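Structure data (mmCIF, C-alpha atoms) from final23.cif:
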```
data_structure
loop_
_atom_site.label_atom_id
_atom_site.label_comp_id
_atom_site.auth_asym_id
_atom_site.auth_seq_id
_atom_site.Cartn_x
_atom_site.Cartn_y
_atom_site.Cartn_z
CA MET K 17 -10.93 33.09 -33.92
CA ALA K 18 -8.72 30.13 -34.73
CA SER K 19 -7.74 29.66 -38.34
CA LEU K 20 -9.12 26.80 -40.41
CA LYS K 21 -5.75 25.08 -40.43
CA GLU K 22 -5.46 25.18 -36.64
CA LEU K 23 -8.98 23.82 -36.26
CA ARG K 24 -8.29 21.01 -38.68
CA SER K 25 -5.21 19.88 -36.79
CA ARG K 26 -7.06 20.15 -33.43
CA ILE K 27 -9.79 17.90 -34.79
CA SER K 28 -7.38 15.29 -36.05
CA SER K 29 -5.46 15.36 -32.77
CA VAL K 30 -8.62 14.87 -30.71
CA LYS K 31 -9.66 12.09 -33.05
CA SER K 32 -6.45 10.18 -32.51
CA THR K 33 -6.76 10.67 -28.75
CA GLN K 34 -10.23 9.26 -28.98
CA LYS K 35 -8.92 6.23 -30.81
CA ILE K 36 -6.39 5.63 -28.04
CA THR K 37 -8.91 5.96 -25.23
CA LYS K 38 -11.32 3.72 -27.10
CA ALA K 39 -8.64 1.06 -27.50
CA MET K 40 -7.68 1.35 -23.83
CA GLN K 41 -11.29 0.94 -22.85
CA MET K 42 -11.61 -2.24 -24.86
CA VAL K 43 -8.37 -3.63 -23.50
CA ALA K 44 -9.52 -2.83 -19.96
CA ALA K 45 -12.85 -4.52 -20.60
CA ALA K 46 -11.12 -7.68 -21.75
CA LYS K 47 -8.70 -7.64 -18.84
CA LEU K 48 -11.51 -6.91 -16.43
CA ARG K 49 -13.19 -10.17 -17.35
CA ARG K 50 -10.02 -12.11 -16.72
CA ALA K 51 -9.30 -10.29 -13.47
CA GLN K 52 -12.85 -10.90 -12.29
CA ASP K 53 -12.58 -14.59 -13.09
CA ALA K 54 -9.31 -14.81 -11.18
CA ALA K 55 -10.84 -13.04 -8.19
CA GLU K 56 -13.83 -15.38 -8.31
CA ALA K 57 -11.60 -18.43 -8.55
CA ALA K 58 -9.64 -17.39 -5.49
CA ARG K 59 -12.74 -16.96 -3.37
CA PRO K 60 -13.44 -20.57 -2.34
CA TYR K 61 -9.87 -20.90 -1.09
CA ALA K 62 -10.04 -17.67 0.90
CA GLU K 63 -13.41 -18.60 2.39
CA LYS K 64 -12.29 -22.06 3.37
CA MET K 65 -9.11 -20.63 4.82
CA ALA K 66 -11.07 -18.12 6.90
CA ALA K 67 -13.37 -20.86 8.18
CA VAL K 68 -10.48 -23.09 9.15
CA MET K 69 -8.64 -20.23 10.81
CA ALA K 70 -11.72 -19.36 12.85
CA ASN K 71 -12.03 -22.98 13.86
CA LEU K 72 -8.39 -23.21 14.89
CA ALA K 73 -8.28 -19.87 16.65
CA ASN K 74 -11.12 -21.05 18.84
CA ALA K 75 -9.42 -24.33 19.61
CA VAL K 76 -6.17 -22.75 20.69
CA VAL K 77 -5.84 -21.27 24.12
CA ALA K 78 -3.75 -18.15 23.92
CA GLY K 79 -0.47 -18.60 25.72
CA PRO K 80 3.17 -17.72 25.40
CA GLU K 81 3.54 -20.48 22.81
CA THR K 82 0.85 -19.12 20.53
CA PRO K 83 2.29 -17.67 17.33
CA MET K 84 2.52 -13.91 17.49
CA LEU K 85 0.97 -13.58 14.07
CA LEU K 86 -2.28 -14.65 15.71
CA THR K 87 -2.20 -12.78 18.97
CA GLY K 88 -0.03 -9.80 18.13
CA THR K 89 2.99 -8.59 20.03
CA GLY K 90 0.97 -7.40 22.98
CA LYS K 91 1.78 -3.81 22.13
CA ASP K 92 0.08 -1.53 19.72
CA GLU K 93 2.58 1.18 19.01
CA VAL K 94 3.81 0.68 15.50
CA ARG K 95 1.31 0.01 12.80
CA LEU K 96 2.19 -1.11 9.32
CA LEU K 97 -0.01 -0.06 6.45
CA ILE K 98 0.20 -2.15 3.32
CA VAL K 99 -1.08 0.17 0.66
CA ALA K 100 -2.02 -1.76 -2.45
CA ALA K 101 -2.70 0.33 -5.53
CA ALA K 102 -2.09 -0.15 -9.24
CA ASP K 103 1.13 0.00 -11.24
CA ARG K 104 -0.42 2.25 -13.83
CA GLY K 105 -2.51 5.37 -13.91
CA LEU K 106 -5.28 6.46 -16.26
CA CYS K 107 -7.91 4.65 -14.26
CA GLY K 108 -9.99 7.50 -12.91
CA GLY K 109 -10.00 7.96 -9.19
CA PHE K 110 -8.88 4.43 -8.41
CA ASN K 111 -5.37 5.13 -7.12
CA THR K 112 -6.36 8.50 -5.70
CA ASN K 113 -9.10 6.98 -3.59
CA ILE K 114 -6.78 4.36 -2.15
CA ALA K 115 -4.08 6.94 -1.45
CA ARG K 116 -6.63 9.22 0.17
CA LEU K 117 -7.79 6.49 2.54
CA ALA K 118 -4.14 5.70 3.31
CA ARG K 119 -3.45 9.35 4.15
CA GLU K 120 -6.53 9.49 6.35
CA ARG K 121 -5.45 6.36 8.20
CA ILE K 122 -1.93 7.74 8.63
CA ALA K 123 -3.30 10.98 10.03
CA GLU K 124 -5.68 9.16 12.36
CA LEU K 125 -3.06 6.75 13.68
CA THR K 126 -0.54 9.53 14.14
CA ARG K 127 -3.14 11.45 16.14
CA GLN K 128 -3.51 8.41 18.38
CA GLY K 129 0.20 8.65 19.05
CA LYS K 130 1.17 5.61 17.04
CA THR K 131 4.11 5.25 14.71
CA VAL K 132 3.11 4.46 11.17
CA LYS K 133 5.17 2.54 8.65
CA VAL K 134 4.09 1.94 5.10
CA ILE K 135 4.71 -0.69 2.47
CA THR K 136 3.42 0.26 -0.94
CA VAL K 137 2.45 -2.35 -3.46
CA GLY K 138 2.11 -1.01 -6.99
CA LYS K 139 4.00 2.00 -8.31
CA LYS K 140 1.15 4.46 -8.12
CA GLY K 141 0.63 3.97 -4.42
CA TYR K 142 4.12 5.23 -3.74
CA ASP K 143 3.85 8.02 -6.28
CA GLN K 144 0.82 9.39 -4.52
CA LEU K 145 2.14 9.05 -1.00
CA LYS K 146 5.71 10.18 -1.46
CA ARG K 147 4.98 13.88 -1.32
CA LEU K 148 3.71 13.81 2.26
CA HIS K 149 4.82 10.49 3.69
CA ALA K 150 7.96 9.40 1.86
CA ASP K 151 9.78 9.03 5.19
CA LYS K 152 7.27 6.41 6.38
CA VAL K 153 7.58 4.15 3.37
CA ILE K 154 9.94 1.35 4.33
CA GLU K 155 9.43 -0.93 1.36
CA ARG K 156 8.17 -0.60 -2.18
CA ILE K 157 6.95 -3.55 -4.19
CA GLU K 158 5.94 -3.38 -7.81
CA LEU K 159 3.17 -5.52 -9.12
CA GLY K 160 4.79 -6.45 -12.41
CA PRO K 161 3.00 -8.08 -15.30
CA LYS K 162 1.76 -11.21 -13.56
CA LEU K 163 -0.44 -11.30 -10.52
CA ASP K 164 -0.36 -14.67 -8.82
CA GLY K 165 0.32 -16.51 -5.62
CA ALA K 166 4.07 -16.02 -5.99
CA LEU K 167 3.70 -12.26 -5.93
CA ALA K 168 1.41 -12.38 -2.90
CA GLY K 169 3.92 -14.74 -1.32
CA ARG K 170 6.68 -12.21 -1.88
CA VAL K 171 4.64 -9.46 -0.25
CA GLY K 172 3.70 -11.80 2.57
CA GLU K 173 7.30 -12.87 3.08
CA THR K 174 8.41 -9.24 3.27
CA VAL K 175 5.70 -8.48 5.80
CA ARG K 176 6.53 -11.50 7.93
CA ALA K 177 10.25 -10.79 7.89
CA LEU K 178 9.57 -7.27 9.12
CA PHE K 179 7.19 -8.60 11.75
CA GLU K 180 9.71 -11.11 13.03
CA ALA K 181 12.32 -8.37 13.16
CA GLY K 182 9.94 -6.48 15.45
CA GLU K 183 9.49 -3.63 13.02
CA PHE K 184 5.79 -3.30 13.74
CA ASP K 185 3.08 -4.54 16.10
CA SER K 186 0.06 -4.71 13.87
CA ALA K 187 -0.67 -4.43 10.20
CA GLU K 188 -3.54 -3.59 7.95
CA VAL K 189 -4.09 -3.76 4.23
CA ILE K 190 -5.48 -0.80 2.38
CA SER K 191 -6.90 -1.78 -0.96
CA SER K 192 -9.95 -1.40 -3.08
CA GLU K 193 -13.08 -3.42 -2.60
CA PHE K 194 -14.65 -4.51 -5.85
CA VAL K 195 -18.27 -3.58 -5.34
CA SER K 196 -19.19 -3.65 -9.00
CA VAL K 197 -17.66 -2.86 -12.36
CA ILE K 198 -18.44 0.82 -11.93
CA SER K 199 -17.96 1.10 -8.20
CA GLN K 200 -14.83 0.43 -6.17
CA LYS K 201 -14.57 1.37 -2.55
CA PRO K 202 -11.26 1.72 -0.75
CA ARG K 203 -11.15 -0.20 2.50
CA ALA K 204 -8.74 -0.99 5.29
CA GLN K 205 -8.69 -4.49 6.76
CA VAL K 206 -6.67 -5.78 9.67
CA LEU K 207 -4.08 -8.39 8.74
CA ILE K 208 -2.00 -8.83 11.89
CA PRO K 209 -2.86 -9.79 14.59
CA ALA K 210 -4.93 -12.38 12.81
CA SER K 211 -7.18 -12.91 15.81
CA GLU K 212 -8.64 -9.47 15.18
CA ALA K 213 -9.12 -10.19 11.52
CA ILE K 214 -10.81 -13.54 11.92
CA ASP K 215 -14.53 -13.44 11.95
CA PRO K 216 -15.61 -15.45 14.98
CA ASP K 217 -18.97 -16.08 13.35
CA ALA K 218 -17.51 -17.67 10.25
CA PRO K 219 -19.46 -20.81 9.43
CA ARG K 220 -17.97 -23.83 11.11
CA PRO K 221 -18.57 -27.40 10.04
CA ASP K 222 -21.06 -29.37 12.04
CA LEU K 223 -19.09 -32.15 13.66
CA LYS K 224 -22.13 -34.04 14.90
CA GLY K 225 -20.60 -34.37 18.32
CA ALA K 226 -17.31 -35.82 17.15
CA ILE K 227 -14.05 -34.46 18.44
CA TYR K 228 -11.66 -32.76 16.15
CA GLU K 229 -8.22 -34.21 15.95
CA TYR K 230 -5.21 -32.25 14.96
CA GLU K 231 -2.11 -33.73 13.51
CA PRO K 232 0.38 -32.31 14.44
CA ASP K 233 -1.19 -30.39 17.32
CA GLU K 234 -3.16 -27.16 16.95
CA GLU K 235 -0.23 -24.89 17.58
CA ALA K 236 1.99 -26.51 14.99
CA ILE K 237 -0.79 -26.33 12.44
CA LEU K 238 -1.41 -22.72 13.34
CA ALA K 239 2.24 -21.86 12.96
CA GLU K 240 2.17 -23.44 9.52
CA LEU K 241 -1.13 -21.92 8.49
CA LEU K 242 -0.79 -18.35 9.67
CA PRO K 243 1.82 -17.35 7.09
CA ARG K 244 -0.41 -18.88 4.44
CA TYR K 245 -3.34 -17.03 5.84
CA VAL K 246 -1.43 -13.77 5.52
CA ASP K 247 -0.58 -14.61 1.90
CA THR K 248 -4.16 -15.52 1.17
CA VAL K 249 -5.52 -12.25 2.50
CA ILE K 250 -2.92 -10.33 0.51
CA LEU K 251 -3.60 -12.30 -2.65
CA ALA K 252 -7.33 -11.78 -2.32
CA ALA K 253 -6.79 -8.05 -1.83
CA LEU K 254 -4.47 -7.86 -4.84
CA LEU K 255 -6.82 -9.81 -7.08
CA GLU K 256 -9.75 -7.69 -6.09
CA ASN K 257 -7.61 -4.63 -6.68
CA ALA K 258 -6.73 -5.80 -10.18
CA ALA K 259 -10.38 -6.25 -11.03
CA GLY K 260 -11.20 -2.86 -9.55
CA GLU K 261 -8.38 -1.19 -11.45
CA MET K 262 -9.63 -2.55 -14.74
CA GLY K 263 -13.20 -1.59 -13.94
CA ALA K 264 -12.12 1.93 -13.02
CA ARG K 265 -9.99 2.23 -16.14
CA MET K 266 -12.82 1.03 -18.32
CA ALA K 267 -15.19 3.61 -16.86
CA ALA K 268 -12.59 6.37 -17.07
CA MET K 269 -11.73 5.56 -20.67
CA ASP K 270 -15.37 5.29 -21.61
CA ASN K 271 -15.84 8.79 -20.24
CA ALA K 272 -12.78 10.07 -22.05
CA THR K 273 -13.97 8.59 -25.33
CA ARG K 274 -17.33 10.23 -24.91
CA ASN K 275 -15.77 13.57 -24.02
CA ALA K 276 -13.51 13.38 -27.04
CA GLY K 277 -16.58 12.71 -29.19
CA GLU K 278 -18.29 15.79 -27.80
CA LEU K 279 -15.20 17.88 -28.35
CA ILE K 280 -14.94 16.67 -31.94
CA ASP K 281 -18.56 17.64 -32.58
CA LYS K 282 -17.95 21.07 -31.14
CA LEU K 283 -14.76 21.61 -33.11
CA ASN K 284 -16.45 20.41 -36.30
CA LEU K 285 -19.22 22.92 -35.79
CA GLN K 286 -16.70 25.66 -35.21
CA PHE K 287 -14.74 24.56 -38.24
CA ASN K 288 -17.81 24.66 -40.49
CA ARG K 289 -18.87 28.06 -39.13
CA THR K 290 -15.44 29.51 -39.70
CA ARG K 291 -15.32 28.14 -43.22
CA GLN K 292 -18.80 29.47 -43.98
CA ALA K 293 -17.90 32.87 -42.53
CA LYS K 294 -14.82 32.98 -44.72
CA ILE K 295 -16.82 32.11 -47.85
CA THR K 296 -19.45 34.71 -47.00
CA THR K 297 -16.78 37.34 -46.50
CA GLU K 298 -15.16 36.47 -49.80
CA LEU K 299 -18.52 36.58 -51.60
CA THR K 300 -19.37 39.94 -50.06
CA GLU K 301 -16.03 41.25 -51.16
CA ILE K 302 -16.53 40.05 -54.76
CA ILE K 303 -20.09 41.41 -54.95
CA SER K 304 -19.20 44.78 -53.51
CA GLY K 305 -16.18 44.89 -55.81
CA ALA K 306 -18.38 44.18 -58.82
CA GLU K 307 -20.87 46.85 -57.76
CA ALA K 308 -18.15 49.42 -57.42
CA VAL K 309 -17.03 48.96 -61.03
CA MET D 23 -19.74 -49.49 -1.75
CA ALA D 24 -22.69 -47.17 -1.66
CA ASP D 25 -21.04 -44.49 0.39
CA LYS D 26 -18.91 -41.93 -1.33
CA LEU D 27 -16.58 -39.34 0.03
CA GLN D 28 -17.14 -35.73 -0.91
CA PHE D 29 -13.73 -34.44 -1.90
CA ASP D 30 -12.68 -30.88 -2.71
CA LEU D 31 -9.23 -29.81 -3.81
CA VAL D 32 -8.93 -26.04 -3.78
CA THR D 33 -6.01 -23.81 -4.70
CA PRO D 34 -5.85 -20.02 -4.67
CA GLU D 35 -6.18 -20.09 -8.45
CA ALA D 36 -9.05 -22.46 -8.86
CA ARG D 37 -11.21 -25.24 -7.51
CA VAL D 38 -9.20 -28.08 -8.97
CA PHE D 39 -11.39 -30.98 -8.06
CA THR D 40 -14.79 -31.39 -6.57
CA GLY D 41 -16.89 -34.49 -6.49
CA ALA D 42 -17.70 -37.75 -4.79
CA VAL D 43 -14.98 -40.39 -4.77
CA ASP D 44 -14.27 -43.71 -3.09
CA MET D 45 -11.06 -42.85 -1.30
CA VAL D 46 -8.31 -40.28 -1.19
CA VAL D 47 -4.77 -40.94 -0.02
CA ALA D 48 -2.90 -37.79 0.86
CA PRO D 49 0.58 -36.97 2.13
CA GLY D 50 0.17 -35.56 5.62
CA SER D 51 3.12 -33.92 7.31
CA GLU D 52 3.13 -36.78 9.83
CA GLY D 53 2.74 -39.46 7.20
CA ASP D 54 0.42 -40.47 4.41
CA PHE D 55 -3.17 -41.01 5.32
CA GLY D 56 -6.16 -42.41 3.55
CA VAL D 57 -9.63 -40.99 3.91
CA LEU D 58 -12.70 -43.14 3.37
CA PRO D 59 -16.30 -42.03 3.71
CA GLY D 60 -17.26 -41.45 7.34
CA HIS D 61 -13.74 -40.66 8.52
CA ALA D 62 -13.50 -39.00 11.93
CA PRO D 63 -13.01 -35.24 11.76
CA PHE D 64 -9.41 -34.21 11.80
CA MET D 65 -7.04 -31.75 10.37
CA THR D 66 -3.46 -31.93 9.29
CA THR D 67 -0.88 -30.06 7.34
CA ILE D 68 0.43 -31.36 4.05
CA ARG D 69 3.93 -32.02 2.90
CA PRO D 70 4.75 -31.73 -0.80
CA GLY D 71 3.73 -34.93 -2.49
CA ALA D 72 1.13 -36.67 -4.57
CA ILE D 73 -2.45 -37.33 -3.57
CA ALA D 74 -4.16 -40.32 -5.04
CA ILE D 75 -7.84 -40.10 -5.79
CA HIS D 76 -9.44 -43.52 -5.96
CA ASP D 77 -12.73 -43.75 -7.72
CA ASP D 78 -14.43 -46.67 -9.48
CA GLY D 79 -11.25 -48.67 -9.38
CA LYS D 80 -9.35 -45.91 -11.12
CA VAL D 81 -6.62 -43.89 -9.48
CA SER D 82 -5.66 -40.38 -10.50
CA ARG D 83 -2.66 -38.73 -8.99
CA THR D 84 -2.11 -35.04 -8.46
CA PHE D 85 0.92 -33.37 -7.00
CA ILE D 86 0.17 -30.80 -4.33
CA HIS D 87 2.29 -28.76 -2.04
CA GLY D 88 1.78 -26.27 0.72
CA GLY D 89 -1.48 -26.45 2.54
CA PHE D 90 -3.61 -28.58 4.76
CA ALA D 91 -6.36 -31.12 4.75
CA GLU D 92 -9.52 -31.00 6.77
CA VAL D 93 -11.88 -33.89 7.26
CA THR D 94 -15.36 -33.06 8.47
CA PRO D 95 -18.51 -35.15 8.40
CA ALA D 96 -19.27 -33.28 5.17
CA GLY D 97 -16.18 -34.65 3.47
CA LEU D 98 -12.53 -34.00 2.82
CA THR D 99 -11.19 -30.64 1.80
CA ILE D 100 -7.61 -30.07 0.81
CA LEU D 101 -6.35 -26.56 0.47
CA ALA D 102 -3.11 -26.52 -1.43
CA GLU D 103 -0.98 -23.73 -2.70
CA GLN D 104 -0.55 -25.45 -6.01
CA ALA D 105 -1.88 -28.57 -7.67
CA ILE D 106 -0.37 -30.19 -10.74
CA ALA D 107 -1.85 -33.27 -12.36
CA LEU D 108 1.04 -35.73 -12.54
CA ALA D 109 0.05 -36.70 -16.05
CA ASP D 110 0.88 -33.15 -17.18
CA VAL D 111 4.33 -32.99 -15.70
CA ASP D 112 7.27 -32.58 -18.05
CA ILE D 113 10.09 -34.14 -16.07
CA ALA D 114 12.93 -32.59 -18.08
CA LYS D 115 11.51 -29.14 -17.58
CA VAL D 116 11.05 -29.71 -13.86
CA LYS D 117 14.66 -30.83 -13.55
CA ALA D 118 15.83 -27.68 -15.31
CA GLU D 119 13.70 -25.63 -12.94
CA LEU D 120 15.19 -27.46 -10.01
CA GLU D 121 18.71 -26.60 -11.16
CA GLU D 122 17.72 -22.97 -11.46
CA ALA D 123 16.03 -22.97 -8.07
CA ARG D 124 19.18 -24.44 -6.49
CA LEU D 125 21.24 -21.67 -8.01
CA ASN D 126 18.75 -19.09 -6.80
CA ALA D 127 18.90 -20.52 -3.31
CA ARG D 128 22.69 -20.30 -3.35
CA ASP D 129 22.91 -16.78 -4.76
CA ALA D 130 19.94 -15.27 -2.95
CA ALA D 131 20.61 -11.69 -1.98
CA SER D 132 18.34 -11.48 1.03
CA GLU D 133 17.05 -13.80 3.71
CA ALA D 134 13.52 -13.61 2.32
CA ASP D 135 14.67 -14.48 -1.20
CA ARG D 136 16.65 -17.41 0.08
CA ARG D 137 13.71 -18.82 1.98
CA ILE D 138 11.50 -18.58 -1.08
CA ALA D 139 14.11 -20.28 -3.26
CA GLU D 140 14.66 -23.07 -0.75
CA ALA D 141 10.95 -23.77 -0.55
CA GLU D 142 10.96 -23.96 -4.33
CA VAL D 143 13.82 -26.49 -4.30
CA GLU D 144 12.03 -28.64 -1.76
CA LYS D 145 8.83 -28.54 -3.78
CA LEU D 146 10.51 -29.48 -7.04
CA GLU D 147 12.43 -32.34 -5.44
CA ALA D 148 9.19 -33.75 -4.08
CA LEU D 149 7.55 -33.34 -7.47
CA ILE D 150 10.31 -35.29 -9.20
CA GLN D 151 10.09 -37.99 -6.59
CA ALA D 152 6.33 -38.20 -6.99
CA VAL D 153 6.65 -38.55 -10.75
CA GLU D 154 9.35 -41.19 -10.52
CA THR D 155 7.50 -43.37 -8.03
CA VAL D 156 4.48 -43.77 -10.29
#
```

Conversion result in structure tokens:
Amino acid sequence: MASLKELRSRISSVKSTQKITKAMQMVAAAKLRRAQDAAEAARPYAEKMAAVMANLANAVVAGPETPMLLTGTGKDEVRLLIVAAADRGLCGGFNTNIARLARERIAELTRQGKTVKVITVGKKGYDQLKRLHADKVIERIELGPKLDGALAGRVGETVRALFEAGEFDSAEVISSEFVSVISQKPRAQVLIPASEAIDPDAPRPDLKGAIYEYEPDEEAILAELLPRYVDTVILAALLENAAGEMGARMAAMDNATRNAGELIDKLNLQFNRTRQAKITTELTEIISGAEAV
Amino acid sequence: MADKLQFDLVTPEARVFTGAVDMVVAPGSEGDFGVLPGHAPFMTTIRPGAIAIHDDGKVSRTFIHGGFAEVTPAGLTILAEQAIALADVDIAKVKAELEEARLNARDAASEADRRIAEAEVEKLEALIQAVETV
């Protein structure tokens, strides 16, 4: 049985761990609110963008002039996975779930005979994939402290540069869907070609019989909009990820705090028992000593 | 004028403006255009510049860049990458940023970095111009 001194130091160590997890939980809760607000604020833009893209995609007749971002390269051999995870750990199964989906997708695509390339966004995504798939990772992007349009633009720019260089034929984003504070679901969504990603049933404005005019023409607008569309999808995924990460961390830290509490109770009980046993032993020794005299 | 134009200005960060106004003048990539209530549906891309929102005889100006405008019978929607109320612009700071952006554009290590920096330069130049023409 552990000595009293050992038990005492265990208890104080668990207590300080509990303080840390408690603080992390509160920080995550505060950040979660902000991340959720940011994700909410980005939604109208993303929705509007999707509606406009659907509208445009319908108006344009696919031809050799159509931007490749919309129609794809015509091949489907090399697929790019943009794996968006968090920069930091200690958020339960958040990063693991994303990495698992990424590995499944890699395995599936490889089985179909396709070449897979990976861009990881967020440190942990790379950390979890490097053991098996380090050779497929062509680019690593860290999230950094601030998540905004500029960051999404940087990711988007990287993706587009690779696309223009003919590095891949199609791309999809693997990130976490924010279902609720306690539930995040990893998902894969097609990014390029955009025509596959656009929901043809997206609500379109009722024109009341009028004819839409485009200025400049549809194709020029499309060429201008598609890169933005890519950025928007990436930004939305990143924002949702951030909210999910905080939610997952909050839940994980809540659990850890509770576990630490249970452990403290158990150690306290053990500590008291040991102390009582020691006192009893000492008493017995004194009494039997006195009797012997 | 009884009729009002429903106008929405949306950026990725927030819904900057929503409401009924008299008229909006916006910088289209093919030239400035004004939208009054009942405008025919059309869509255009935006060049960096200031939009003017006319309402009740008052005009408020906001700098926007990167995006497009869509007019439907329901109203005008502008999706911009960024929107800055011109009243909030600190011209000295913007000029400093422009200097920095020019340096970045010159010293950019990669093609992607250079493109980003050049877009930044173009944006800031338009912003300064918009402020100075008030």

Show me, as a ChimeraX atom specification, the residues that have an atom within 10 Å of Lys145 (chain D) when counting only C-alpha atoms, minus same-chain residues fewer than 6 positions from it.
/D:69-71,85-88,120,139,151

Chain K contacts to chain D at 9 Å (all atoms listed in the file) as a PyMOL selection string:
chain K and resi 54-62+64-65+68+164-165+169-170+173-174+177+221-224+226-234+236-237+240-241+244+248+251-252

Neighbours of point (-8.4, -5.0, -7.9) within 10 Å, using all atoms listed in the file, written as a ChimeraX atom specification
/K:48,51-52,55,100-102,110,191-194,200,252-264

What does the PyMOL selection byres ((chain K and resi 36-44) around 6) select in this file, as a ChimeraX atom specification?
/K:33-35,45-48,262,266,269,273

Output C-alpha atoms for every residue in that selection, as a compact mmCIF listing (two decimals), in the frame of the given file.
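So result18.txt came out as:
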```
# COMPACT_ATOMS: atom_id res chain seq x y z
CA THR K 33 -6.76 10.67 -28.75
CA GLN K 34 -10.23 9.26 -28.98
CA LYS K 35 -8.92 6.23 -30.81
CA ALA K 45 -12.85 -4.52 -20.60
CA ALA K 46 -11.12 -7.68 -21.75
CA LYS K 47 -8.70 -7.64 -18.84
CA LEU K 48 -11.51 -6.91 -16.43
CA MET K 262 -9.63 -2.55 -14.74
CA MET K 266 -12.82 1.03 -18.32
CA MET K 269 -11.73 5.56 -20.67
CA THR K 273 -13.97 8.59 -25.33
```

How many Å separate CA of Leu279 (chain K) from CA of Ser32 (chain K)?
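These atoms are spaced 12.4 Å apart.
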
Give me, please, the distance in Å between CA of Ala130 (chain D) and CA of Pro161 (chain K), quoted to one decimal.
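If I compute the distance from CA of Ala130 (chain D) to CA of Pro161 (chain K), I get 22.2 Å.
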
Atom pair CA of Val246 (chain K) / CA of Met69 (chain K): separation (Å)
11.0 Å

Using the chain letters and numbers from the file, which residues does the PyMOL selection byres ((chain K and resi 119) around 12) grab, as a tab-separated table (two decimals) with C-alpha atoms, in the frame of the given file?
```tsv
chain	number	residue	atom	x	y	z
K	97	LEU	CA	-0.01	-0.06	6.45
K	99	VAL	CA	-1.08	0.17	0.66
K	112	THR	CA	-6.36	8.50	-5.70
K	113	ASN	CA	-9.10	6.98	-3.59
K	114	ILE	CA	-6.78	4.36	-2.15
K	115	ALA	CA	-4.08	6.94	-1.45
K	116	ARG	CA	-6.63	9.22	0.17
K	117	LEU	CA	-7.79	6.49	2.54
K	118	ALA	CA	-4.14	5.70	3.31
K	120	GLU	CA	-6.53	9.49	6.35
K	121	ARG	CA	-5.45	6.36	8.20
K	122	ILE	CA	-1.93	7.74	8.63
K	123	ALA	CA	-3.30	10.98	10.03
K	124	GLU	CA	-5.68	9.16	12.36
K	125	LEU	CA	-3.06	6.75	13.68
K	126	THR	CA	-0.54	9.53	14.14
K	132	VAL	CA	3.11	4.46	11.17
K	133	LYS	CA	5.17	2.54	8.65
K	134	VAL	CA	4.09	1.94	5.10
K	141	GLY	CA	0.63	3.97	-4.42
K	142	TYR	CA	4.12	5.23	-3.74
K	144	GLN	CA	0.82	9.39	-4.52
K	145	LEU	CA	2.14	9.05	-1.00
K	146	LYS	CA	5.71	10.18	-1.46
K	147	ARG	CA	4.98	13.88	-1.32
K	148	LEU	CA	3.71	13.81	2.26
K	149	HIS	CA	4.82	10.49	3.69
K	150	ALA	CA	7.96	9.40	1.86
K	152	LYS	CA	7.27	6.41	6.38
K	190	ILE	CA	-5.48	-0.80	2.38
K	202	PRO	CA	-11.26	1.72	-0.75
K	204	ALA	CA	-8.74	-0.99	5.29
```

Put a box with edges along x, y and z around all the listed atoms of region 83-100 of chain D, pad it by 8 Å on each side, then give me its centre and sizes in Å, one decimal, as JSON.
```
{"center_x": -8.5, "center_y": -32.5, "center_z": -0.3, "size_x": 37.6, "size_y": 28.5, "size_z": 33.5}
```

What does the PyMOL selection byres ((chain D and resi 44) around 9) select in this file, as a PyMOL selection string?
chain D and resi 23+25-28+42-43+45-46+57-59+75-79

Considering only C-alpha atoms, can you say which of K:Gly105, K:Ile98, K:Gly129, K:Phe184 comes closest to Val153 (chain K)?
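Between K:Gly105, K:Ile98, K:Gly129, K:Phe184, the residue approaching Val153 (chain K) most closely is K:Ile98.
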